[in-house]
$ cat work.cif   # mmCIF, C-alpha atoms and all ligand atoms
data_protein
#
loop_
_atom_site.label_atom_id
_atom_site.label_comp_id
_atom_site.auth_asym_id
_atom_site.auth_seq_id
_atom_site.Cartn_x
_atom_site.Cartn_y
_atom_site.Cartn_z
CA PRO O 1492 123.63 130.73 117.74
CA GLU O 1493 124.61 129.59 114.30
CA ALA O 1494 127.76 130.78 112.59
CA ILE O 1495 127.58 131.81 108.97
CA THR O 1496 130.18 132.38 106.30
CA VAL O 1497 130.63 135.88 104.98
CA GLN O 1498 129.72 134.65 101.50
CA GLU O 1499 126.50 133.04 102.63
CA LEU O 1500 125.48 136.12 104.53
CA ALA O 1501 126.26 138.15 101.41
CA ASN O 1502 124.09 135.79 99.36
CA ARG O 1503 121.20 136.17 101.74
CA MET O 1504 121.57 139.93 101.72
CA ALA O 1505 122.05 140.01 97.94
CA GLU O 1506 125.27 141.94 98.46
CA LYS O 1507 128.79 141.27 97.20
CA GLY O 1508 130.97 139.14 99.45
CA ALA O 1509 133.87 141.52 98.89
CA ASP O 1510 131.79 144.45 100.18
CA LEU O 1511 131.09 142.57 103.38
CA VAL O 1512 134.77 141.79 103.79
CA LYS O 1513 135.50 145.52 103.42
CA ALA O 1514 132.87 146.42 105.98
CA LEU O 1515 134.29 143.86 108.37
CA PHE O 1516 137.75 145.32 107.84
CA LYS O 1517 136.41 148.72 108.89
CA LEU O 1518 135.00 147.04 111.98
CA GLY O 1519 138.50 145.77 112.69
CA MET O 1520 138.08 142.22 111.46
CA MET O 1521 140.27 140.56 108.89
CA VAL O 1522 138.30 137.74 107.33
CA THR O 1523 137.84 136.18 103.94
CA VAL O 1524 134.51 135.39 102.33
CA ASN O 1525 134.85 131.73 103.22
CA GLN O 1526 135.32 132.29 106.92
CA THR O 1527 132.51 132.14 109.39
CA ILE O 1528 131.44 135.00 111.63
CA ASP O 1529 129.26 134.78 114.70
CA GLN O 1530 125.67 135.89 114.84
CA ASP O 1531 126.34 139.21 116.59
CA THR O 1532 128.86 140.21 113.96
CA ALA O 1533 126.44 139.12 111.26
CA GLU O 1534 123.74 141.30 112.74
CA LEU O 1535 126.10 144.24 112.91
CA LEU O 1536 126.84 143.80 109.21
CA VAL O 1537 123.20 143.49 108.32
CA GLU O 1538 122.51 146.77 110.11
CA GLU O 1539 125.51 148.36 108.44
CA PHE O 1540 124.03 147.53 105.06
CA GLY O 1541 120.63 148.79 106.08
CA HIS O 1542 118.84 145.46 105.94
CA ASN O 1543 116.27 144.30 108.39
CA ILE O 1544 117.43 141.71 110.83
CA GLN O 1545 115.52 138.53 110.56
CA ARG O 1546 116.72 135.57 112.50
CA VAL O 1547 115.77 132.67 110.30
CA SER O 1548 115.74 129.15 111.57
CA ALA O 1549 116.91 126.16 109.59
CA SER O 1550 113.37 125.07 108.84
CA ASP O 1551 112.72 128.41 107.16
CA ILE O 1552 115.62 128.00 104.79
CA ASP O 1553 115.92 124.34 103.98
CA ILE O 1554 113.35 122.38 102.04
CA ASP O 1555 111.37 119.72 103.81
CA THR O 1556 108.55 118.23 101.81
CA SER O 1557 108.09 115.16 104.00
CA ALA O 1558 104.89 116.51 105.51
CA ASP O 1559 103.62 117.52 102.10
CA VAL O 1560 101.41 114.55 101.21
CA ASP O 1561 99.79 114.31 97.81
CA PRO O 1562 95.99 114.14 97.89
CA GLU O 1563 94.47 110.76 97.07
CA GLY O 1564 92.89 112.00 93.88
CA SER O 1565 96.19 113.16 92.43
CA LEU O 1566 97.81 109.73 92.57
CA LYS O 1567 98.38 107.72 89.41
CA PRO O 1568 99.95 104.25 89.00
CA ARG O 1569 103.71 104.24 88.56
CA ALA O 1570 106.22 101.62 87.46
CA PRO O 1571 107.77 99.43 90.19
CA VAL O 1572 111.46 99.97 90.97
CA VAL O 1573 113.34 96.70 91.27
CA THR O 1574 116.78 95.94 92.72
CA ILE O 1575 118.61 92.68 92.07
CA MET O 1576 120.71 91.31 94.90
CA GLY O 1577 122.60 88.11 95.54
CA HIS O 1578 126.01 86.49 95.91
CA VAL O 1579 128.86 87.40 93.59
CA ASP O 1580 128.91 85.37 90.37
CA HIS O 1581 125.38 84.09 90.94
CA GLY O 1582 124.27 85.92 87.81
CA LYS O 1583 122.97 89.38 88.79
CA THR O 1584 124.55 91.22 85.89
CA SER O 1585 123.58 88.50 83.42
CA LEU O 1586 119.98 88.61 84.61
CA LEU O 1587 119.90 92.42 84.39
CA ASP O 1588 121.19 92.19 80.82
CA ALA O 1589 118.70 89.47 79.91
CA LEU O 1590 115.81 91.50 81.34
CA ARG O 1591 117.01 94.57 79.49
CA GLY O 1592 116.89 92.47 76.35
CA THR O 1593 113.15 91.89 76.80
CA ASP O 1594 112.40 95.62 76.43
CA VAL O 1595 110.11 96.04 73.43
CA VAL O 1596 111.08 99.71 73.05
CA ARG O 1597 114.77 98.91 72.93
CA GLY O 1598 114.05 96.36 70.23
CA GLU O 1599 112.55 99.12 68.10
CA ALA O 1600 115.26 101.67 68.93
CA GLY O 1601 118.01 99.34 67.79
CA GLY O 1602 119.39 98.39 71.17
CA ILE O 1603 121.62 101.34 72.04
CA THR O 1604 122.41 101.13 75.73
CA GLN O 1605 123.51 103.95 78.02
CA HIS O 1606 124.52 102.99 81.53
CA ILE O 1607 122.89 105.54 83.80
CA GLY O 1608 122.50 103.41 86.93
CA ALA O 1609 119.00 102.24 86.11
CA TYR O 1610 116.89 101.34 83.14
CA GLN O 1611 113.23 100.95 82.35
CA ILE O 1612 111.68 98.27 80.19
CA LYS O 1613 108.32 98.13 78.50
CA THR O 1614 106.94 94.59 78.62
CA LYS O 1615 105.10 92.88 75.80
CA GLY O 1616 101.89 93.70 77.65
CA GLY O 1617 102.81 97.40 77.75
CA ASP O 1618 103.68 97.59 81.46
CA LEU O 1619 106.73 99.48 82.64
CA ILE O 1620 109.34 98.16 85.08
CA THR O 1621 112.40 100.05 86.34
CA PHE O 1622 115.55 98.16 87.31
CA LEU O 1623 118.40 99.59 89.33
CA ASP O 1624 121.51 98.69 87.42
CA THR O 1625 124.34 99.30 89.84
CA PRO O 1626 123.52 98.21 93.30
CA GLY O 1627 125.29 95.63 95.17
CA HIS O 1628 124.28 95.49 98.76
CA GLU O 1629 126.35 98.47 99.82
CA ALA O 1630 124.51 100.76 97.44
CA PHE O 1631 121.18 99.48 98.73
CA THR O 1632 122.06 99.91 102.39
CA GLU O 1633 123.88 103.18 101.88
CA MET O 1634 120.95 104.66 100.02
CA ARG O 1635 118.59 103.56 102.77
CA ALA O 1636 120.90 104.87 105.46
CA ARG O 1637 120.67 108.23 103.73
CA GLY O 1638 116.89 108.06 103.80
CA ALA O 1639 116.45 107.14 100.16
CA HIS O 1640 113.82 104.48 99.76
CA VAL O 1641 113.68 103.90 96.04
CA THR O 1642 113.44 100.12 95.80
CA ASP O 1643 109.95 98.67 95.77
CA ILE O 1644 110.86 95.04 95.13
CA VAL O 1645 114.06 93.01 95.58
CA ILE O 1646 114.91 90.10 93.34
CA LEU O 1647 117.10 87.69 95.24
CA VAL O 1648 119.29 85.84 92.80
CA VAL O 1649 120.53 82.39 93.84
CA ALA O 1650 122.48 80.20 91.43
CA ALA O 1651 120.91 76.76 91.13
CA ASP O 1652 124.34 75.15 90.79
CA ASP O 1653 125.67 76.75 93.96
CA GLY O 1654 123.77 77.45 97.14
CA ILE O 1655 123.04 79.96 99.85
CA MET O 1656 126.26 81.93 100.21
CA PRO O 1657 127.32 84.71 102.62
CA GLN O 1658 126.12 87.51 100.36
CA THR O 1659 122.85 85.69 99.77
CA ILE O 1660 122.23 85.77 103.51
CA GLU O 1661 123.31 89.40 103.66
CA ALA O 1662 120.85 90.26 100.90
CA ILE O 1663 118.05 88.44 102.71
CA ASN O 1664 118.81 90.35 105.90
CA HIS O 1665 118.96 93.73 104.16
CA THR O 1666 115.71 93.08 102.37
CA LYS O 1667 113.93 92.00 105.52
CA ALA O 1668 115.30 94.95 107.49
CA ALA O 1669 114.05 97.29 104.78
CA GLY O 1670 110.63 95.65 104.74
CA VAL O 1671 110.77 95.33 100.96
CA PRO O 1672 109.03 92.34 99.35
CA MET O 1673 111.29 89.77 97.73
CA ILE O 1674 111.04 87.54 94.70
CA VAL O 1675 113.49 84.65 94.55
CA ALA O 1676 115.04 84.03 91.14
CA ILE O 1677 116.81 80.70 90.99
CA THR O 1678 119.25 81.22 88.13
CA LYS O 1679 121.46 79.13 85.88
CA VAL O 1680 118.82 76.40 85.69
CA ASP O 1681 120.21 75.51 82.26
CA LYS O 1682 123.28 74.01 83.92
CA HIS O 1683 123.62 70.25 84.45
CA GLU O 1684 124.45 70.64 88.12
CA ALA O 1685 121.41 72.84 88.72
CA ASN O 1686 119.21 71.78 91.60
CA ALA O 1687 116.50 74.36 92.19
CA GLN O 1688 114.64 72.31 94.77
CA ARG O 1689 117.70 72.17 96.99
CA ILE O 1690 117.86 75.99 96.92
CA ARG O 1691 114.23 76.25 97.99
CA GLU O 1692 114.89 73.93 100.90
CA ARG O 1693 118.04 75.75 101.94
CA LEU O 1694 116.16 79.07 101.92
CA LEU O 1695 113.89 77.71 104.66
CA GLU O 1696 116.83 77.85 107.04
CA HIS O 1697 116.86 81.61 106.51
CA GLU O 1698 113.12 81.97 106.93
CA VAL O 1699 112.49 82.55 103.28
CA VAL O 1700 109.55 80.30 102.49
CA VAL O 1701 108.80 80.31 98.78
CA GLU O 1702 105.45 79.47 97.22
CA ALA O 1703 106.62 76.06 96.10
CA MET O 1704 107.24 75.33 99.79
CA SER O 1705 103.76 76.65 100.68
CA GLY O 1706 105.10 80.05 101.64
CA GLU O 1707 104.34 83.58 100.52
CA VAL O 1708 107.51 84.50 98.68
CA GLN O 1709 107.24 84.18 94.92
CA ASP O 1710 109.97 82.14 93.28
CA VAL O 1711 110.89 81.48 89.69
CA GLU O 1712 113.49 79.40 87.86
CA VAL O 1713 115.39 81.37 85.24
CA SER O 1714 118.31 81.17 82.90
CA ALA O 1715 119.96 84.32 81.67
CA LYS O 1716 121.66 82.14 79.09
CA THR O 1717 118.61 80.58 77.42
CA GLY O 1718 116.05 83.18 78.48
CA ALA O 1719 113.94 80.53 80.20
CA GLY O 1720 111.70 81.89 82.93
CA LEU O 1721 112.22 85.57 82.10
CA ASP O 1722 108.59 86.11 81.11
CA GLU O 1723 107.48 84.41 84.28
CA LEU O 1724 109.79 86.59 86.37
CA ILE O 1725 108.37 89.70 84.72
CA GLU O 1726 104.84 88.48 85.43
CA LYS O 1727 105.71 87.95 89.08
CA ILE O 1728 107.19 91.43 89.37
CA LEU O 1729 104.02 92.92 87.88
CA LEU O 1730 101.85 90.83 90.17
CA GLN O 1731 103.81 91.99 93.21
CA ALA O 1732 103.60 95.59 92.01
CA GLU O 1733 99.84 95.30 91.55
CA VAL O 1734 99.40 94.09 95.11
CA MET O 1735 101.45 97.05 96.33
CA GLU O 1736 99.36 99.59 94.39
CA LEU O 1737 102.37 101.75 93.64
CA GLN O 1738 101.30 105.31 92.92
CA ALA O 1739 102.63 108.83 92.70
CA ASN O 1740 101.37 112.28 91.80
CA PRO O 1741 102.87 113.19 88.40
CA ASP O 1742 101.36 116.70 88.35
CA ARG O 1743 103.52 118.66 90.76
CA ALA O 1744 107.03 120.04 91.13
CA ALA O 1745 109.33 117.06 90.83
CA GLU O 1746 111.27 115.25 93.49
CA ALA O 1747 113.85 112.65 92.60
CA THR O 1748 116.57 110.55 94.19
CA VAL O 1749 120.15 110.46 92.95
CA ILE O 1750 121.20 106.95 92.00
CA GLU O 1751 124.70 107.84 90.91
CA ALA O 1752 126.62 110.95 89.93
CA LYS O 1753 129.88 111.86 88.33
CA LEU O 1754 131.82 114.67 86.74
CA ASP O 1755 132.04 114.39 82.97
CA LYS O 1756 134.86 116.31 81.30
CA GLY O 1757 132.66 117.53 78.49
CA LYS O 1758 129.21 117.70 80.00
CA GLY O 1759 130.05 118.75 83.56
CA PRO O 1760 128.30 117.26 86.59
CA LEU O 1761 125.94 114.43 85.68
CA ALA O 1762 123.43 112.82 87.98
CA SER O 1763 121.30 109.80 87.28
CA VAL O 1764 118.09 110.29 89.16
CA LEU O 1765 114.88 108.42 89.68
CA VAL O 1766 111.81 110.62 89.84
CA THR O 1767 109.80 109.78 92.96
CA ARG O 1768 106.92 112.19 92.42
CA GLY O 1769 106.02 115.00 90.09
CA THR O 1770 107.41 115.32 86.58
CA LEU O 1771 110.93 116.61 86.04
CA LYS O 1772 111.17 118.90 83.03
CA VAL O 1773 113.91 120.52 80.99
CA GLY O 1774 114.32 124.06 82.34
CA ASP O 1775 113.32 123.17 85.90
CA ILE O 1776 115.28 124.95 88.63
CA LEU O 1777 116.44 122.58 91.33
CA VAL O 1778 118.39 121.86 94.45
CA VAL O 1779 120.16 118.52 94.76
CA GLY O 1780 122.10 117.85 97.92
CA THR O 1781 124.35 120.87 98.42
CA HIS O 1782 124.08 122.04 94.81
CA SER O 1783 121.69 124.10 92.80
CA GLY O 1784 121.11 123.87 89.09
CA ARG O 1785 118.76 123.99 86.17
CA VAL O 1786 117.88 121.01 84.01
CA ARG O 1787 119.68 121.68 80.74
CA ALA O 1788 118.89 118.30 79.22
CA MET O 1789 117.86 114.80 80.21
CA LEU O 1790 118.78 111.48 78.65
CA ASP O 1791 117.18 108.10 79.22
CA ASP O 1792 118.91 104.70 79.33
CA LYS O 1793 118.55 104.41 75.57
CA GLY O 1794 120.44 107.66 75.03
CA ARG O 1795 117.32 109.51 73.95
CA GLN O 1796 116.58 113.10 74.89
CA VAL O 1797 113.76 113.32 77.40
CA LYS O 1798 111.77 116.54 77.82
CA ALA O 1799 109.69 115.41 80.80
CA ALA O 1800 110.42 112.54 83.21
CA PRO O 1801 107.44 111.10 85.12
CA PRO O 1802 107.64 109.08 88.37
CA SER O 1803 109.84 105.94 88.26
CA LEU O 1804 111.62 106.99 85.06
CA PRO O 1805 115.39 107.03 85.50
CA VAL O 1806 117.11 109.86 83.65
CA GLU O 1807 120.53 111.40 83.50
CA VAL O 1808 120.33 115.10 84.30
CA LEU O 1809 122.67 117.75 82.86
CA GLY O 1810 122.93 121.25 84.28
CA LEU O 1811 123.89 120.82 87.93
CA GLY O 1812 126.22 123.18 89.74
CA GLY O 1813 128.16 120.31 91.29
CA VAL O 1814 128.28 116.56 91.71
CA PRO O 1815 125.74 115.32 94.28
CA MET O 1816 125.93 112.05 96.23
CA ALA O 1817 123.99 108.86 95.67
CA GLY O 1818 120.90 109.00 97.85
CA ASP O 1819 120.62 112.81 97.70
CA THR O 1820 117.19 114.22 97.01
CA LEU O 1821 116.59 116.47 94.05
CA THR O 1822 113.86 119.04 94.56
CA VAL O 1823 112.45 121.45 92.02
CA VAL O 1824 112.00 124.98 93.36
CA ASP O 1825 110.43 128.07 91.82
CA SER O 1826 113.36 130.46 91.59
CA GLU O 1827 117.11 130.48 91.17
CA ALA O 1828 117.47 132.67 94.25
CA ARG O 1829 115.65 130.06 96.29
CA ALA O 1830 117.77 127.24 94.83
CA ARG O 1831 120.97 129.10 95.61
CA GLU O 1832 119.81 129.95 99.11
CA VAL O 1833 119.05 126.35 99.98
CA ALA O 1834 122.24 125.04 98.38
CA ALA O 1835 124.33 127.66 100.22
CA TYR O 1836 122.62 126.83 103.49
CA ARG O 1837 123.30 123.12 103.06
CA GLN O 1838 126.91 123.75 102.05
CA GLU O 1839 127.33 125.86 105.13
CA LYS O 1840 125.88 123.13 107.29
CA ALA O 1841 128.10 120.50 105.69
CA THR O 1842 131.19 122.67 106.20
CA ALA O 1843 130.26 123.37 109.81
CA LYS O 1844 129.88 119.64 110.39
CA ARG O 1845 133.27 118.91 108.84
CA THR O 1846 134.90 121.71 110.85
CA ALA O 1847 133.34 120.43 114.06
CA GLN O 1848 134.76 117.01 113.33
CA ALA O 1849 138.22 118.25 112.35
CA PRO O 1850 140.69 118.11 115.23
CA ALA O 1851 142.03 121.45 116.39
CA SER O 1852 145.56 121.88 115.18
CA LEU O 1853 148.01 124.71 114.92
CA GLU O 1854 147.60 124.62 111.20
CA ASN O 1855 143.83 125.06 111.49
CA MET O 1856 144.27 127.93 113.87
CA PHE O 1857 146.69 129.69 111.56
CA SER O 1858 144.49 129.24 108.54
CA ALA O 1859 141.60 130.64 110.55
CA LEU O 1860 143.67 133.73 111.22
CA ALA O 1861 144.93 134.06 107.66
P1 LIG O 1901 127.18 88.57 89.17
O1 LIG O 1901 128.52 88.61 89.81
O2 LIG O 1901 126.13 88.14 90.15
O3 LIG O 1901 126.82 89.83 88.45
O4 LIG O 1901 127.23 87.37 88.09
P2 LIG O 1901 127.40 87.44 86.51
O5 LIG O 1901 126.15 87.85 85.86
O6 LIG O 1901 128.62 88.19 86.19
O7 LIG O 1901 127.59 85.89 86.16
C1 LIG O 1901 128.66 85.12 86.67
C2 LIG O 1901 128.96 83.99 85.71
O8 LIG O 1901 127.85 83.13 85.60
C3 LIG O 1901 129.27 84.47 84.29
O9 LIG O 1901 130.31 83.67 83.77
C4 LIG O 1901 127.97 84.23 83.54
O10 LIG O 1901 128.18 83.98 82.18
C5 LIG O 1901 127.43 83.00 84.25
N1 LIG O 1901 125.96 82.96 84.20
C6 LIG O 1901 125.11 83.92 84.65
N2 LIG O 1901 123.84 83.53 84.47
C7 LIG O 1901 123.88 82.32 83.90
C8 LIG O 1901 122.87 81.39 83.47
O11 LIG O 1901 121.67 81.62 83.59
N3 LIG O 1901 123.31 80.21 82.94
C9 LIG O 1901 124.63 79.90 82.80
N4 LIG O 1901 124.96 78.74 82.28
N5 LIG O 1901 125.59 80.75 83.19
C10 LIG O 1901 125.23 81.94 83.74
MG MG O 1902 127.84 91.63 88.38
#
$ encode --input "work.cif" --output "structure tokens" --more "lines below"
Ligand code: GDP
Ligand code: MG
Amino acid sequence: PEAITVQELANRMAEKGADLVKALFKLGMMVTVNQTIDQDTAELLVEEFGHNIQRVSASDIDIDTSADVDPEGSLKPRAPVVTIMGHVDHGKTSLLDALRGTDVVRGEAGGITQHIGAYQIKTKGGDLITFLDTPGHEAFTEMRARGAHVTDIVILVVAADDGIMPQTIEAINHTKAAGVPMIVAITKVDKHEANAQRIRERLLEHEVVVEAMSGEVQDVEVSAKTGAGLDELIEKILLQAEVMELQANPDRAAEATVIEAKLDKGKGPLASVLVTRGTLKVGDILVVGTHSGRVRAMLDDKGRQVKAAPPSLPVEVLGLGGVPMAGDTLTVVDSEARAREVAAYRQEKATAKRTAQAPASLENMFSALA
């Protein structure tokens, strides 16, 4: 039987936590709202307050939309989500900046940049591409470990004046393990020491066979410094995306994945999220990780207010009740009561897990009695 905190039980019964504590006191139990009580005690309380007893299982409370597949006809094309990986100093950040610079919208807007963990560009041809801005390999693997599969395509950056380095190999392994297609970007080709062909040959040793070596993996020579090859890289991303037929249903309650989150002194909890399906709108009620909230405002990577965020658009969301974790799923629900219920349930579960892991100590025992 599952234990429940007094507060959570109060939430579910729509009663005040303090009233439950009083009732428990009359039953001879001294507990605070944050303490857990066993199921029998919970049932006693429920009866005391004249509610019907309903043993609910986890699946009745928590949200699980994994079985909820969007019908074929509802699917529309969406922008690919791209992650850049590679060895330190091989030029990941420079390439991300150079690609950001090709955004035709940013050109018009005057180039104001907001770092929200991801950005989207509009190409000269009008296509959209989303780039994850933060990840090193840890972010990529951690997100995947938490069940978040946001990356559609990996760009493996290898500096033409260096070679295959430990983190290059790590990136190759992560990408293969994830089953995500890879495009090799051989960077810094403007340098005198650059030798792109040697990189292609060295990649063979790691079973990355690029097109120029009669393989399947697209490769492109680029320079973040001169801008050479950027258009070609963009073309290759779009080609890869086309093959993958990336689609999502934009006309449903939104789901999104947290890319990064923080507490801002002025604005409160902020989460950068990537919409995976549906359209996230200002005013939407949501659950994200163990928190509930309501979208108060959304900002894009150009610092513009966004009223509605479609699939693959990264936005910073204001209005959360707490700071979620990278990889958490954001789900829009239809009422605040529902949002609170799910968040409380997940908090309870998280606390129970922590408590189970915490070693028994005198201190713990005393605080349990307090
Ligand atoms: P990261 O650690 O992979 O993010 O690498 P950075 O983007 O910080 O780049 C490391 C260094 O390489 C910096 O000094 C960059 O200026 C330089 N760099 C990056 N890309 C290029 C390039 O295409 N050409 C040249 N010449 N230098 C580059
Ligand atoms: Mg960097």
$ closest_residue --input "work.cif" --among "O:Glu1839, O:Asp1652, O:Asp1775, O:Asp1742" --to "Asp1825 in chain O" --atoms "only C-alpha atoms"
O:Asp1775
$ residues_near_point --input "work.cif" --point "(103.2, 112.3, 88.7)" --cutoff "6 Å" --atoms "only C-alpha atoms" --output "MDAnalysis selection string"
chainID O and resid 1739:1742 1768:1770 1801:1802
$ residues_near_ligand --input "work.cif" --ligand "ligand LIG 1901 (chain O)" --cutoff "7 Å" --atoms "all atoms listed in the file" --output "list in words"
Gly1577, His1578, Val1579, Asp1580, His1581, Gly1582, Lys1583, Thr1584, Ser1585, Leu1586, Thr1678, Lys1679, Val1680, Asp1681, Lys1682, Val1713, Ser1714, Ala1715, Lys1716 and Thr1717 of chain O
$ atom_distance --input "work.cif" --atom1 "CA of Val1560 in chain O" --atom2 "CA of Asp1819 in chain O"
19.6 Å
$ atom_distance --input "work.cif" --atom1 "CA of Val1764 in chain O" --atom2 "CA of Ile1607 in chain O"
8.6 Å
$ closest_residue --input "work.cif" --among "O:Thr1625, O:Thr1604, O:Thr1842, O:Thr1593" --to "Ile1750 in chain O" --atoms "all atoms listed in the file"
O:Thr1625
$ residues_around --input "work.cif" --residues "Leu1535 in chain O" --least-positions-apart "4" --cutoff "12 Å" --atoms "only C-alpha atoms" --output "VMD selection string"
chain O and resid 1500 1511 1514 to 1515 1517 to 1518 1528 to 1531 1539 to 1544
$ write_last_selection --input "work.cif" --atoms "C-alpha atoms" --output "PDB file, in the frame of the given file"
ATOM      1  CA  LEU O1500     125.480 136.120 104.530  1.00  0.00           C
ATOM      2  CA  LEU O1511     131.090 142.570 103.380  1.00  0.00           C
ATOM      3  CA  ALA O1514     132.870 146.420 105.980  1.00  0.00           C
ATOM      4  CA  LEU O1515     134.290 143.860 108.370  1.00  0.00           C
ATOM      5  CA  LYS O1517     136.410 148.720 108.890  1.00  0.00           C
ATOM      6  CA  LEU O1518     135.000 147.040 111.980  1.00  0.00           C
ATOM      7  CA  ILE O1528     131.440 135.000 111.630  1.00  0.00           C
ATOM      8  CA  ASP O1529     129.260 134.780 114.700  1.00  0.00           C
ATOM      9  CA  GLN O1530     125.670 135.890 114.840  1.00  0.00           C
ATOM     10  CA  ASP O1531     126.340 139.210 116.590  1.00  0.00           C
ATOM     11  CA  GLU O1539     125.510 148.360 108.440  1.00  0.00           C
ATOM     12  CA  PHE O1540     124.030 147.530 105.060  1.00  0.00           C
ATOM     13  CA  GLY O1541     120.630 148.790 106.080  1.00  0.00           C
ATOM     14  CA  HIS O1542     118.840 145.460 105.940  1.00  0.00           C
ATOM     15  CA  ASN O1543     116.270 144.300 108.390  1.00  0.00           C
ATOM     16  CA  ILE O1544     117.430 141.710 110.830  1.00  0.00           C
TER      17      ILE O1544
END
$ closest_residue --input "work.cif" --among "O:His1628, O:Lys1793, O:Lys1507, O:Lys1513" --to "ligand MG 1902 (chain O)" --atoms "only C-alpha atoms and all ligand atoms"
O:His1628
$ atom_distance --input "work.cif" --atom1 "CA of Ala1732 in chain O" --atom2 "CA of Thr1614 in chain O"
13.8 Å
$ closest_residue --input "work.cif" --among "O:Gln1658, O:Gln1605, O:Ser1565, O:Thr1574" --to "Val1671 in chain O" --atoms "only C-alpha atoms"
O:Thr1574
$ closest_residue --input "work.cif" --among "O:Glu1534, O:Arg1743, O:Val1708, O:Arg1693" --to "Pro1562 in chain O" --atoms "all atoms listed in the file"
O:Arg1743
$ closest_residue --input "work.cif" --among "O:Ala1687, O:Gly1616, O:Val1497, O:Val1675" --to "Ala1651 in chain O" --atoms "only C-alpha atoms"
O:Ala1687
